[in-house]
file my_file00.pdb (PDB, C-alpha atoms (C1' of nucleotides))
ATOM      1  CA  MET A   1     298.492 145.867  48.597
ATOM      2  CA  ALA A   2     295.768 148.380  48.121
ATOM      3  CA  ARG A   3     295.130 150.474  45.067
ATOM      4  CA  ALA A   4     297.744 153.000  44.062
ATOM      5  CA  ALA A   5     297.354 156.425  45.611
ATOM      6  CA  THR A   6     295.296 159.001  43.781
ATOM      7  CA  THR A   7     298.367 161.190  43.937
ATOM      8  CA  SER A   8     300.604 158.620  42.275
ATOM      9  CA  ASP A   9     299.972 159.796  38.727
ATOM     10  CA  VAL A  10     297.606 161.573  36.389
ATOM     11  CA  PHE A  11     295.643 158.428  35.637
ATOM     12  CA  ASN A  12     294.698 157.873  39.243
ATOM     13  CA  ALA A  13     294.046 161.529  39.930
ATOM     14  CA  ALA A  14     291.770 161.837  36.915
ATOM     15  CA  ALA A  15     289.858 158.666  37.724
ATOM     16  CA  GLU A  16     287.585 160.662  40.024
ATOM     17  CA  PRO A  17     284.615 162.213  38.204
ATOM     18  CA  ARG A  18     284.517 165.268  40.468
ATOM     19  CA  ARG A  19     288.153 165.962  39.846
ATOM     20  CA  ARG A  20     287.597 165.740  36.124
ATOM     21  CA  GLU A  21     284.801 168.258  36.446
ATOM     22  CA  ILE A  22     287.053 170.557  38.403
ATOM     23  CA  LEU A  23     289.793 170.281  35.806
ATOM     24  CA  VAL A  24     287.438 171.227  33.008
ATOM     25  CA  PHE A  25     285.969 174.039  35.051
ATOM     26  CA  LEU A  26     289.399 175.489  35.781
ATOM     27  CA  LEU A  27     290.629 175.167  32.250
ATOM     28  CA  ASP A  28     289.850 178.574  30.819
ATOM     29  CA  SER A  29     290.633 180.820  33.745
ATOM     30  CA  GLU A  30     291.722 180.790  37.341
ATOM     31  CA  ARG A  31     288.950 180.738  39.909
ATOM     32  CA  PRO A  32     288.616 180.793  43.688
ATOM     33  CA  VAL A  33     287.593 177.718  45.626
ATOM     34  CA  SER A  34     284.243 179.209  46.530
ATOM     35  CA  GLU A  35     283.288 179.418  42.897
ATOM     36  CA  ILE A  36     284.060 175.757  42.367
ATOM     37  CA  VAL A  37     281.932 174.991  45.376
ATOM     38  CA  ASP A  38     279.048 177.018  43.998
ATOM     39  CA  LYS A  39     279.174 175.939  40.389
ATOM     40  CA  LEU A  40     279.803 172.245  40.931
ATOM     41  CA  GLY A  41     277.615 171.903  43.995
ATOM     42  CA  LEU A  42     280.175 170.246  46.217
ATOM     43  CA  ASP A  43     280.926 171.194  49.769
ATOM     44  CA  GLN A  44     284.015 173.164  50.524
ATOM     45  CA  PRO A  45     286.176 170.595  52.335
ATOM     46  CA  SER A  46     285.589 168.146  49.541
ATOM     47  CA  VAL A  47     286.735 170.634  46.942
ATOM     48  CA  SER A  48     289.810 171.509  48.966
ATOM     49  CA  LYS A  49     290.716 167.855  49.209
ATOM     50  CA  HIS A  50     290.274 167.260  45.521
ATOM     51  CA  LEU A  51     292.365 170.325  44.755
ATOM     52  CA  ARG A  52     295.048 169.004  47.046
ATOM     53  CA  VAL A  53     295.243 165.792  45.034
ATOM     54  CA  LEU A  54     295.289 167.679  41.751
ATOM     55  CA  ARG A  55     298.022 169.928  43.044
ATOM     56  CA  ASP A  56     300.127 167.005  44.193
ATOM     57  CA  VAL A  57     300.166 165.529  40.715
ATOM     58  CA  GLY A  58     300.721 168.894  39.058
ATOM     59  CA  LEU A  59     297.345 169.182  37.388
ATOM     60  CA  VAL A  60     296.502 172.570  38.850
ATOM     61  CA  ARG A  61     298.462 175.629  39.792
ATOM     62  CA  VAL A  62     297.475 177.933  42.635
ATOM     63  CA  ARG A  63     298.052 181.574  43.420
ATOM     64  CA  ARG A  64     296.964 183.550  46.406
ATOM     65  CA  ASN A  65     294.992 186.721  45.904
ATOM     66  CA  GLY A  66     294.029 188.281  49.194
ATOM     67  CA  ARG A  67     291.801 185.900  51.055
ATOM     68  CA  HIS A  68     291.185 183.929  47.928
ATOM     69  CA  LYS A  69     293.244 181.249  46.343
ATOM     70  CA  LEU A  70     292.955 181.122  42.603
ATOM     71  CA  TYR A  71     293.278 177.735  40.996
ATOM     72  CA  GLN A  72     293.787 176.954  37.369
ATOM     73  CA  THR A  73     294.301 173.767  35.406
ATOM     74  CA  ARG A  74     297.778 173.030  34.100
ATOM     75  CA  ALA A  75     296.733 171.477  30.813
ATOM     76  CA  ASP A  76     300.139 170.013  30.115
ATOM     77  CA  GLY A  77     299.601 167.580  32.935
ATOM     78  CA  ILE A  78     296.898 165.846  30.925
ATOM     79  CA  LYS A  79     299.284 164.943  28.146
ATOM     80  CA  PRO A  80     300.270 161.506  29.464
ATOM     81  CA  LEU A  81     296.630 160.495  29.395
ATOM     82  CA  HIS A  82     296.149 161.749  25.875
ATOM     83  CA  GLU A  83     299.332 160.215  24.586
ATOM     84  CA  TRP A  84     298.603 156.838  26.066
ATOM     85  CA  SER A  85     295.082 156.771  24.713
ATOM     86  CA  SER A  86     296.427 157.795  21.312
ATOM     87  CA  LEU A  87     298.122 154.425  21.067
ATOM     88  CA  PHE A  88     294.695 152.969  20.394
ATOM     89  CA  GLU A  89     293.608 155.559  17.903
ATOM     90  CA  ARG A  90     294.505 153.656  14.786
ATOM     91  CA  TYR A  91     292.230 150.788  15.795
ATOM     92  CA  TRP A  92     289.144 152.880  16.156
ATOM     93  CA  SER A  93     286.357 152.346  13.752
ATOM     94  CA  HIS A  94     286.385 155.699  12.087
ATOM     95  CA  GLN A  95     283.010 156.913  10.975
ATOM     96  CA  LEU A  96     284.283 158.275   7.680
ATOM     97  CA  LEU A  97     286.039 155.040   6.921
ATOM     98  CA  ARG A  98     282.925 153.017   7.548
ATOM     99  CA  VAL A  99     280.837 155.320   5.433
ATOM    100  CA  LYS A 100     283.336 154.895   2.643
ATOM    101  CA  GLU A 101     283.339 151.131   2.977
ATOM    102  CA  ARG A 102     279.573 150.992   2.894
ATOM    103  CA  ALA A 103     279.498 153.200  -0.143
ATOM    104  CA  GLU A 104     281.911 150.897  -1.902
ATOM    105  CA  ASN A 105     279.936 147.826  -0.995
ATOM    106  CA  MET A 106     276.758 149.406  -2.200
ATOM    107  CA  ALA A 107     278.407 150.367  -5.453
ATOM    108  CA  ARG A 108     279.704 146.849  -5.903
ATOM    109  CA  THR A 109     276.450 145.059  -5.195
ATOM    110  CA  ALA A 110     274.243 147.567  -6.917
ATOM    111  CA  LYS A 111     276.073 147.513 -10.206
ATOM    112  CA  PRO A 112     274.604 144.421 -11.899
ATOM    113  CA  SER A 113     270.940 145.098 -11.197
ATOM    114  CA  THR A 114     268.907 147.918  -9.692
ATOM    115  CA  GLY A 115     269.526 147.959  -5.953
ATOM    116  CA  LYS A 116     270.025 144.494  -4.571
ATOM    117  CA  PRO A 117     270.405 144.174  -0.762
TER
ATOM    118  CA  MET B   1     282.490 156.417  50.845
ATOM    119  CA  ALA B   2     285.417 154.654  49.337
ATOM    120  CA  ARG B   3     286.874 155.172  45.927
ATOM    121  CA  ALA B   4     284.732 154.269  42.950
ATOM    122  CA  ALA B   5     285.043 150.695  41.765
ATOM    123  CA  THR B   6     287.652 149.905  39.162
ATOM    124  CA  THR B   7     284.814 148.489  37.118
ATOM    125  CA  SER B   8     282.806 151.685  37.242
ATOM    126  CA  ASP B   9     284.280 153.205  34.105
ATOM    127  CA  VAL B  10     287.246 153.279  31.752
ATOM    128  CA  PHE B  11     289.041 155.910  33.791
ATOM    129  CA  ASN B  12     289.142 153.769  36.893
ATOM    130  CA  ALA B  13     289.946 150.586  35.036
ATOM    131  CA  ALA B  14     292.832 152.225  33.192
ATOM    132  CA  ALA B  15     294.234 153.820  36.320
ATOM    133  CA  GLU B  16     296.112 150.618  37.114
ATOM    134  CA  PRO B  17     299.534 150.453  35.361
ATOM    135  CA  ARG B  18     299.404 146.681  34.887
ATOM    136  CA  ARG B  19     296.050 146.915  33.204
ATOM    137  CA  ARG B  20     297.373 149.559  30.873
ATOM    138  CA  GLU B  21     300.245 147.270  29.959
ATOM    139  CA  ILE B  22     297.827 144.467  29.279
ATOM    140  CA  LEU B  23     295.692 146.673  27.077
ATOM    141  CA  VAL B  24     298.659 147.680  24.966
ATOM    142  CA  PHE B  25     299.885 144.129  24.788
ATOM    143  CA  LEU B  26     296.514 142.875  23.581
ATOM    144  CA  LEU B  27     296.066 145.628  21.065
ATOM    145  CA  ASP B  28     297.432 144.063  17.915
ATOM    146  CA  SER B  29     296.178 140.519  18.242
ATOM    147  CA  GLU B  30     294.347 138.166  20.551
ATOM    148  CA  ARG B  31     296.479 136.206  22.972
ATOM    149  CA  PRO B  32     295.999 133.559  25.633
ATOM    150  CA  VAL B  33     296.336 134.381  29.305
ATOM    151  CA  SER B  34     299.529 132.391  29.620
ATOM    152  CA  GLU B  35     301.267 134.647  27.155
ATOM    153  CA  ILE B  36     300.319 137.735  29.131
ATOM    154  CA  VAL B  37     301.678 136.038  32.214
ATOM    155  CA  ASP B  38     304.954 135.259  30.469
ATOM    156  CA  LYS B  39     305.521 138.513  28.648
ATOM    157  CA  LEU B  40     304.472 140.873  31.412
ATOM    158  CA  GLY B  41     305.926 138.857  34.263
ATOM    159  CA  LEU B  42     302.817 138.776  36.415
ATOM    160  CA  ASP B  43     301.400 135.731  38.068
ATOM    161  CA  GLN B  44     298.386 134.059  36.609
ATOM    162  CA  PRO B  45     295.673 134.863  39.159
ATOM    163  CA  SER B  46     296.648 138.511  39.022
ATOM    164  CA  VAL B  47     296.310 138.569  35.269
ATOM    165  CA  SER B  48     292.959 136.825  35.405
ATOM    166  CA  LYS B  49     291.680 139.369  37.886
ATOM    167  CA  HIS B  50     292.870 142.292  35.803
ATOM    168  CA  LEU B  51     291.266 140.777  32.741
ATOM    169  CA  ARG B  52     288.055 140.415  34.671
ATOM    170  CA  VAL B  53     288.035 144.112  35.418
ATOM    171  CA  LEU B  54     288.846 144.989  31.834
ATOM    172  CA  ARG B  55     286.104 142.722  30.613
ATOM    173  CA  ASP B  56     283.564 144.249  32.957
ATOM    174  CA  VAL B  57     284.144 147.691  31.529
ATOM    175  CA  GLY B  58     284.235 146.427  27.953
ATOM    176  CA  LEU B  59     287.908 147.066  27.300
ATOM    177  CA  VAL B  60     288.700 143.534  26.196
ATOM    178  CA  ARG B  61     286.830 140.829  24.372
ATOM    179  CA  VAL B  62     287.372 137.149  24.984
ATOM    180  CA  ARG B  63     286.911 134.026  22.917
ATOM    181  CA  ARG B  64     287.485 130.442  23.871
ATOM    182  CA  ASN B  65     289.757 128.306  21.752
ATOM    183  CA  GLY B  66     290.112 124.863  23.196
ATOM    184  CA  ARG B  67     291.744 125.122  26.576
ATOM    185  CA  HIS B  68     292.827 128.643  25.864
ATOM    186  CA  LYS B  69     290.954 131.838  26.179
ATOM    187  CA  LEU B  70     292.031 134.452  23.721
ATOM    188  CA  TYR B  71     291.794 138.035  24.857
ATOM    189  CA  GLN B  72     292.032 141.130  22.754
ATOM    190  CA  THR B  73     291.687 144.813  23.439
ATOM    191  CA  ARG B  74     288.523 146.543  22.300
ATOM    192  CA  ALA B  75     290.129 149.792  21.260
ATOM    193  CA  ASP B  76     286.836 151.648  21.035
ATOM    194  CA  GLY B  77     286.539 151.462  24.791
ATOM    195  CA  ILE B  78     289.459 153.842  25.139
ATOM    196  CA  LYS B  79     287.665 156.599  23.289
ATOM    197  CA  PRO B  80     286.122 158.286  26.348
ATOM    198  CA  LEU B  81     289.583 158.745  27.787
ATOM    199  CA  HIS B  82     290.909 160.192  24.579
ATOM    200  CA  GLU B  83     287.947 162.454  24.053
ATOM    201  CA  TRP B  84     288.062 163.829  27.546
ATOM    202  CA  SER B  85     291.766 164.493  27.394
ATOM    203  CA  SER B  86     291.289 166.184  24.033
ATOM    204  CA  LEU B  87     289.409 168.951  25.795
ATOM    205  CA  PHE B  88     292.773 170.168  27.024
ATOM    206  CA  GLU B  89     294.573 169.871  23.740
ATOM    207  CA  ARG B  90     294.176 173.446  22.646
ATOM    208  CA  TYR B  91     296.152 174.630  25.648
ATOM    209  CA  TRP B  92     299.206 172.596  24.809
ATOM    210  CA  SER B  93     302.317 173.967  23.230
ATOM    211  CA  HIS B  94     302.450 173.688  19.448
ATOM    212  CA  GLN B  95     306.002 172.491  19.412
ATOM    213  CA  LEU B  96     305.200 169.281  21.228
ATOM    214  CA  LEU B  97     302.122 168.761  19.133
ATOM    215  CA  ARG B  98     304.246 168.781  16.002
ATOM    216  CA  VAL B  99     306.611 166.282  17.539
ATOM    217  CA  LYS B 100     303.671 164.071  18.355
ATOM    218  CA  GLU B 101     302.270 164.376  14.867
ATOM    219  CA  ARG B 102     305.551 163.339  13.383
ATOM    220  CA  ALA B 103     305.743 160.367  15.735
ATOM    221  CA  GLU B 104     302.265 159.334  14.712
ATOM    222  CA  ASN B 105     303.111 159.549  11.061
ATOM    223  CA  MET B 106     306.174 157.423  11.587
ATOM    224  CA  ALA B 107     304.160 154.877  13.530
ATOM    225  CA  ARG B 108     301.562 154.783  10.774
ATOM    226  CA  THR B 109     304.015 154.183   7.943
ATOM    227  CA  ALA B 110     306.183 151.725   9.865
ATOM    228  CA  LYS B 111     305.065 148.138  10.389
ATOM    229  CA  PRO B 112     303.489 147.689  13.792
ATOM    230  CA  SER B 113     305.591 145.487  16.019
ATOM    231  CA  THR B 114     304.404 143.270  18.845
ATOM    232  CA  GLY B 115     307.049 144.175  21.396
ATOM    233  CA  LYS B 116     305.961 146.847  23.807
ATOM    234  CA  PRO B 117     308.366 147.594  26.712
TER
ATOM    235  C1'  DT C   1     292.594 193.005  68.810
ATOM    236  C1'  DT C   2     288.496 191.236  67.406
ATOM    237  C1'  DG C   3     285.535 189.472  64.024
ATOM    238  C1'  DA C   4     284.235 187.841  59.569
ATOM    239  C1'  DC C   5     285.478 185.554  55.597
ATOM    240  C1'  DA C   6     288.110 181.923  52.748
ATOM    241  C1'  DT C   7     290.407 177.844  52.546
ATOM    242  C1'  DA C   8     292.839 173.763  54.566
ATOM    243  C1'  DT C   9     293.248 169.994  57.552
ATOM    244  C1'  DT C  10     291.862 166.368  60.874
ATOM    245  C1'  DC C  11     289.089 162.631  62.545
ATOM    246  C1'  DC C  12     285.947 158.840  61.723
ATOM    247  C1'  DC C  13     284.086 155.233  58.828
ATOM    248  C1'  DA C  14     282.332 152.128  55.161
ATOM    249  C1'  DT C  15     284.172 150.327  51.131
ATOM    250  C1'  DA C  16     287.098 148.670  47.541
ATOM    251  C1'  DT C  17     290.928 147.435  46.238
ATOM    252  C1'  DA C  18     295.793 144.449  44.628
ATOM    253  C1'  DG C  19     298.771 140.914  45.906
ATOM    254  C1'  DG C  20     299.754 136.182  47.667
ATOM    255  C1'  DC C  21     298.127 131.716  48.227
ATOM    256  C1'  DA C  22     294.948 127.990  47.830
ATOM    257  C1'  DT C  23     291.346 126.030  45.561
ATOM    258  C1'  DG C  24     287.745 125.468  41.961
ATOM    259  C1'  DT C  25     286.306 124.688  37.147
ATOM    260  C1'  DA C  26     286.599 123.663  32.278
ATOM    261  C1'  DA C  27     288.643 121.337  28.260
ATOM    262  C1'  DT C  28     291.831 117.960  26.380
ATOM    263  C1'  DG C  29     294.636 113.655  25.863
ATOM    264  C1'  DT C  30     295.386 108.933  27.004
TER
ATOM    265  C1'  DA D   1     288.129 107.578  34.436
ATOM    266  C1'  DC D   2     292.158 109.946  35.252
ATOM    267  C1'  DA D   3     295.799 113.172  34.922
ATOM    268  C1'  DT D   4     297.151 117.489  32.873
ATOM    269  C1'  DT D   5     296.687 121.875  31.133
ATOM    270  C1'  DA D   6     294.635 126.625  31.281
ATOM    271  C1'  DC D   7     292.169 129.711  33.497
ATOM    272  C1'  DA D   8     288.964 131.641  37.200
ATOM    273  C1'  DT D   9     287.631 132.479  41.754
ATOM    274  C1'  DG D  10     287.767 132.664  46.911
ATOM    275  C1'  DC D  11     289.927 134.071  51.068
ATOM    276  C1'  DC D  12     292.860 137.126  53.631
ATOM    277  C1'  DT D  13     295.193 141.523  54.790
ATOM    278  C1'  DA D  14     297.203 146.105  54.604
ATOM    279  C1'  DT D  15     296.134 150.295  52.676
ATOM    280  C1'  DA D  16     293.932 154.188  50.536
ATOM    281  C1'  DT D  17     290.003 156.310  49.739
ATOM    282  C1'  DG D  18     285.805 160.018  49.639
ATOM    283  C1'  DG D  19     282.151 161.936  52.301
ATOM    284  C1'  DG D  20     280.563 164.366  56.542
ATOM    285  C1'  DA D  21     281.370 166.998  60.531
ATOM    286  C1'  DA D  22     284.314 169.578  63.224
ATOM    287  C1'  DT D  23     288.210 172.231  63.658
ATOM    288  C1'  DA D  24     292.432 174.733  62.287
ATOM    289  C1'  DT D  25     294.895 178.138  59.571
ATOM    290  C1'  DG D  26     295.278 182.364  57.064
ATOM    291  C1'  DT D  27     293.881 187.043  55.504
ATOM    292  C1'  DC D  28     291.759 191.275  55.625
ATOM    293  C1'  DA D  29     288.746 195.117  57.736
ATOM    294  C1'  DA D  30     287.197 197.989  61.357
TER
END

call {"tool": "encode", "arguments": {"input": "my_file00.pdb", "output": "structure tokens"}}
result
Amino acid sequence: MARAATTSDVFNAAAEPRRREILVFLLDSERPVSEIVDKLGLDQPSVSKHLRVLRDVGLVRVRRNGRHKLYQTRADGIKPLHEWSSLFERYWSHQLLRVKERAENMARTAKPSTGKP
Amino acid sequence: MARAATTSDVFNAAAEPRRREILVFLLDSERPVSEIVDKLGLDQPSVSKHLRVLRDVGLVRVRRNGRHKLYQTRADGIKPLHEWSSLFERYWSHQLLRVKERAENMARTAKPSTGKP
DNA sequence: TTGACATATTCCCATATAGGCATGTAATGT
DNA sequence: ACATTACATGCCTATATGGGAATATGTCAA
């Protein structure tokens, strides 16, 4: 078998860097295709194809306005990604934690004399 | 051009459902390949190939122990996924966020189990 | 209607898969 | 040395892809 389709789920759809850029770009407000083309420097058919994939997995919504079609990111669609990656959160080396540990080690080793590495 | 290689980044490597299962399975402790094969019901060459991809993108570490090779997830490698998806967080509904927070608190206080269906 | 604009789709192609199967390699025990 | 265990890799194939170019569809304006 080949790789799963890009339209099979959010993980596959978001694996494409251009699509991730599009999703971020369309996060705050709806925008026509031409603006995506201009701002991201892709050619129009490519953008349309990426938007098709994103639409198929429910990551963008679309609305027609005259000749334009206005796309916007449906942020809720990203949740599965965020929730899955959150499973790993408690294993991350947290900066604050490491700072605290170092501080404690320094306090422990530095107590007897004056600064001993 | 074809799709980007699965080894090109975390997003592509984690797009495969089996690899995501493996990553979760190897999160708590290091385990030999045979155990992944048994628990996840995949055949051995498939697991080895998935582990190869995960290793190439730095999502697992490996250590030899006699005839066995012990793999474990490198949780830090998941961060880019989590950070990117966090860009969308402020557009999510608060209700679900609270549910998620409560689930996280429960997971934190409860003892982590090794069974992940 | 005709024409111009905006977006979508189709066709072609090089490339990278994931699965199944067979084989290769490394470490151990006898 | 040999057999066994544990894992890795090679080969094959069907399939899906993303880019480029060309073309189709859809909408408005004059």

call {"tool": "resolve_selection", "arguments": {"input": "my_file00.pdb", "expression": "the PyMOL selection byres ((chain A) within 12 of (chain D))", "output": "number ranges by chain"}}
result
A: 1-8, 12-13, 16-19, 42-47, 49-50, 53, 64-69

call {"tool": "calpha_fit_and_write", "arguments": {"input": "my_file00.pdb", "fixed": "chain B", "moving": "chain A", "output": "short mmCIF file (atom, residue, chain, number, x, y, z; two decimals) with C-alpha atoms, in the coordinates of the input"}}
result
data_model
loop_
_atom_site.label_atom_id
_atom_site.label_comp_id
_atom_site.auth_asym_id
_atom_site.auth_seq_id
_atom_site.Cartn_x
_atom_site.Cartn_y
_atom_site.Cartn_z
CA MET A 1 286.12 158.78 51.22
CA ALA A 2 288.36 156.15 49.80
CA ARG A 3 289.19 155.60 46.17
CA ALA A 4 286.40 154.61 43.84
CA ALA A 5 285.82 150.89 43.52
CA THR A 6 287.67 148.99 40.84
CA THR A 7 284.28 147.87 39.64
CA SER A 8 282.94 151.40 39.28
CA ASP A 9 284.04 151.86 35.68
CA VAL A 10 286.45 150.80 32.98
CA PHE A 11 289.08 153.30 34.04
CA ASN A 12 289.37 151.87 37.52
CA ALA A 13 289.17 148.28 36.37
CA ALA A 14 291.90 148.80 33.79
CA ALA A 15 294.18 150.62 36.22
CA GLU A 16 295.52 147.28 37.41
CA PRO A 17 298.45 146.01 35.32
CA ARG A 18 297.51 142.36 35.79
CA ARG A 19 294.01 143.01 34.60
CA ARG A 20 295.33 144.75 31.53
CA GLU A 21 297.48 141.73 30.81
CA ILE A 22 294.49 139.47 31.18
CA LEU A 23 292.43 141.62 28.84
CA VAL A 24 295.07 141.48 26.14
CA PHE A 25 295.54 137.77 26.65
CA LEU A 26 291.82 137.10 26.28
CA LEU A 27 291.41 139.32 23.28
CA ASP A 28 291.80 136.87 20.43
CA SER A 29 290.04 133.83 21.79
CA GLU A 30 288.27 132.50 24.83
CA ARG A 31 290.43 130.64 27.31
CA PRO A 32 289.99 128.77 30.58
CA VAL A 33 291.16 130.23 33.86
CA SER A 34 293.92 127.67 34.19
CA GLU A 35 295.53 128.90 31.02
CA ILE A 36 295.58 132.46 32.30
CA VAL A 37 297.17 131.17 35.46
CA ASP A 38 299.84 129.32 33.51
CA LYS A 39 300.64 131.92 30.91
CA LEU A 40 300.63 134.98 33.14
CA GLY A 41 302.18 133.29 36.15
CA LEU A 42 299.59 134.36 38.68
CA ASP A 43 297.98 132.12 41.22
CA GLN A 44 294.48 130.91 40.65
CA PRO A 45 292.53 132.83 43.30
CA SER A 46 294.12 136.04 42.14
CA VAL A 47 293.07 135.42 38.56
CA SER A 48 289.54 134.56 39.63
CA LYS A 49 289.31 137.79 41.56
CA HIS A 50 290.59 139.86 38.70
CA LEU A 51 288.15 138.16 36.35
CA ARG A 52 285.36 138.94 38.76
CA VAL A 53 286.19 142.64 38.59
CA LEU A 54 286.44 142.55 34.81
CA ARG A 55 283.13 140.77 34.59
CA ASP A 56 281.43 143.28 36.85
CA VAL A 57 282.37 146.13 34.56
CA GLY A 58 281.53 144.18 31.42
CA LEU A 59 285.06 143.81 30.12
CA VAL A 60 284.93 140.04 29.79
CA ARG A 61 282.28 137.53 28.93
CA VAL A 62 282.22 134.01 30.34
CA ARG A 63 280.82 130.71 29.18
CA ARG A 64 280.90 127.38 30.88
CA ASN A 65 282.29 124.40 29.05
CA GLY A 66 282.26 121.31 31.21
CA ARG A 67 284.48 121.90 34.18
CA HIS A 68 286.07 124.84 32.50
CA LYS A 69 284.92 128.39 32.27
CA LEU A 70 285.97 130.13 29.12
CA TYR A 71 286.62 133.83 29.37
CA GLN A 72 287.01 136.28 26.57
CA THR A 73 287.51 140.02 26.40
CA ARG A 74 284.57 142.16 25.34
CA ALA A 75 286.53 144.71 23.34
CA ASP A 76 283.67 147.17 23.18
CA GLY A 77 284.08 147.80 26.86
CA ILE A 78 287.41 149.49 26.20
CA LYS A 79 285.85 152.15 24.04
CA PRO A 80 285.29 154.73 26.79
CA LEU A 81 288.99 154.66 27.53
CA HIS A 82 289.92 155.08 23.91
CA GLU A 83 287.41 157.81 23.28
CA TRP A 84 288.45 159.81 26.29
CA SER A 85 292.12 159.56 25.44
CA SER A 86 291.32 160.60 21.88
CA LEU A 87 290.37 164.02 23.19
CA PHE A 88 294.08 164.67 23.61
CA GLU A 89 295.13 163.32 20.26
CA ARG A 90 295.26 166.60 18.43
CA TYR A 91 297.78 167.98 20.90
CA TRP A 92 300.28 165.22 20.44
CA SER A 93 303.54 166.04 18.86
CA HIS A 94 303.22 163.97 15.76
CA GLN A 95 306.45 162.56 14.48
CA LEU A 96 305.63 163.24 10.85
CA LEU A 97 304.71 166.80 11.64
CA ARG A 98 307.96 167.41 13.44
CA VAL A 99 309.95 165.88 10.65
CA LYS A 100 308.19 168.17 8.23
CA GLU A 101 308.83 171.22 10.37
CA ARG A 102 312.50 170.38 10.69
CA ALA A 103 312.76 169.88 6.97
CA GLU A 104 311.23 173.27 6.38
CA ASN A 105 313.53 174.95 8.85
CA MET A 106 316.52 173.32 7.29
CA ALA A 107 315.41 174.43 3.86
CA ARG A 108 314.92 177.96 5.10
CA THR A 109 318.24 178.30 6.86
CA ALA A 110 320.24 176.38 4.32
CA LYS A 111 319.15 178.41 1.35
CA PRO A 112 321.48 181.43 1.52
CA SER A 113 324.74 179.57 2.11
CA THR A 114 325.85 175.95 2.19
CA GLY A 115 324.50 174.37 5.36
CA LYS A 116 324.40 176.81 8.22
CA PRO A 117 323.33 175.44 11.64
#

call {"tool": "interface_residues", "arguments": {"input": "my_file00.pdb", "of": "chain A", "to": "chain B", "cutoff": "7 Å", "atoms": "only C-alpha atoms", "output": "VMD selection string"}}
result
chain A and resid 11 to 12 15 75 to 76 78 81 to 82 85 to 86 88 91 to 92

call {"tool": "interface_residues", "arguments": {"input": "my_file00.pdb", "of": "chain C", "to": "chain A", "cutoff": "6 Å", "atoms": "only C-alpha atoms (C1' of nucleotides)", "output": "number ranges by chain"}}
result
C: 6, 17-19

call {"tool": "atom_distance", "arguments": {"input": "my_file00.pdb", "atom1": "CA of Arg63 in chain B", "atom2": "CA of Ile22 in chain B"}}
result
16.4 Å

call {"tool": "atom_distance", "arguments": {"input": "my_file00.pdb", "atom1": "C1' of DA16 in chain C", "atom2": "CA of Leu26 in chain B"}}
result
26.4 Å

call {"tool": "atom_distance", "arguments": {"input": "my_file00.pdb", "atom1": "C1' of DC21 in chain C", "atom2": "CA of Asp56 in chain B"}}
result
24.5 Å

call {"tool": "decode", "arguments": {"input": "my_file00.pdb", "residues": "chain D", "atoms": "C-alpha atoms (C1' of nucleotides)", "output": "PDB file, in the first residue's frame"}}
result
ATOM      1  C1'  DA D   1      31.405 -23.889  14.733  1.00  0.00           C
ATOM      2  C1'  DC D   2      26.666 -24.098  14.723  1.00  0.00           C
ATOM      3  C1'  DA D   3      21.972 -23.150  15.639  1.00  0.00           C
ATOM      4  C1'  DT D   4      18.865 -19.772  17.538  1.00  0.00           C
ATOM      5  C1'  DT D   5      17.177 -15.490  18.679  1.00  0.00           C
ATOM      6  C1'  DA D   6      16.304 -10.510  17.570  1.00  0.00           C
ATOM      7  C1'  DC D   7      16.335  -7.158  14.524  1.00  0.00           C
ATOM      8  C1'  DA D   8      17.359  -4.720   9.972  1.00  0.00           C
ATOM      9  C1'  DT D   9      17.281  -4.320   5.170  1.00  0.00           C
ATOM     10  C1'  DG D  10      16.239  -5.331   0.217  1.00  0.00           C
ATOM     11  C1'  DC D  11      13.026  -6.121  -3.386  1.00  0.00           C
ATOM     12  C1'  DC D  12       8.545  -5.577  -5.417  1.00  0.00           C
ATOM     13  C1'  DT D  13       4.067  -3.307  -6.374  1.00  0.00           C
ATOM     14  C1'  DA D  14      -0.027  -0.435  -6.132  1.00  0.00           C
ATOM     15  C1'  DT D  15      -1.078   4.026  -4.942  1.00  0.00           C
ATOM     16  C1'  DA D  16      -0.999   8.850  -3.801  1.00  0.00           C
ATOM     17  C1'  DT D  17       1.246  12.770  -4.216  1.00  0.00           C
ATOM     18  C1'  DG D  18       2.750  18.006  -5.521  1.00  0.00           C
ATOM     19  C1'  DG D  19       4.320  20.880  -9.181  1.00  0.00           C
ATOM     20  C1'  DG D  20       3.650  22.810 -13.896  1.00  0.00           C
ATOM     21  C1'  DA D  21       0.927  23.763 -17.791  1.00  0.00           C
ATOM     22  C1'  DA D  22      -3.329  23.876 -19.900  1.00  0.00           C
ATOM     23  C1'  DT D  23      -8.050  24.053 -19.602  1.00  0.00           C
ATOM     24  C1'  DA D  24     -12.669  24.326 -17.468  1.00  0.00           C
ATOM     25  C1'  DT D  25     -16.099  26.523 -14.563  1.00  0.00           C
ATOM     26  C1'  DG D  26     -18.281  30.409 -12.456  1.00  0.00           C
ATOM     27  C1'  DT D  27     -19.382  35.365 -11.749  1.00  0.00           C
ATOM     28  C1'  DC D  28     -19.914  39.953 -12.800  1.00  0.00           C
ATOM     29  C1'  DA D  29     -19.819  44.235 -15.953  1.00  0.00           C
ATOM     30  C1'  DA D  30     -20.659  46.649 -20.104  1.00  0.00           C
TER      31       DA D  30
END
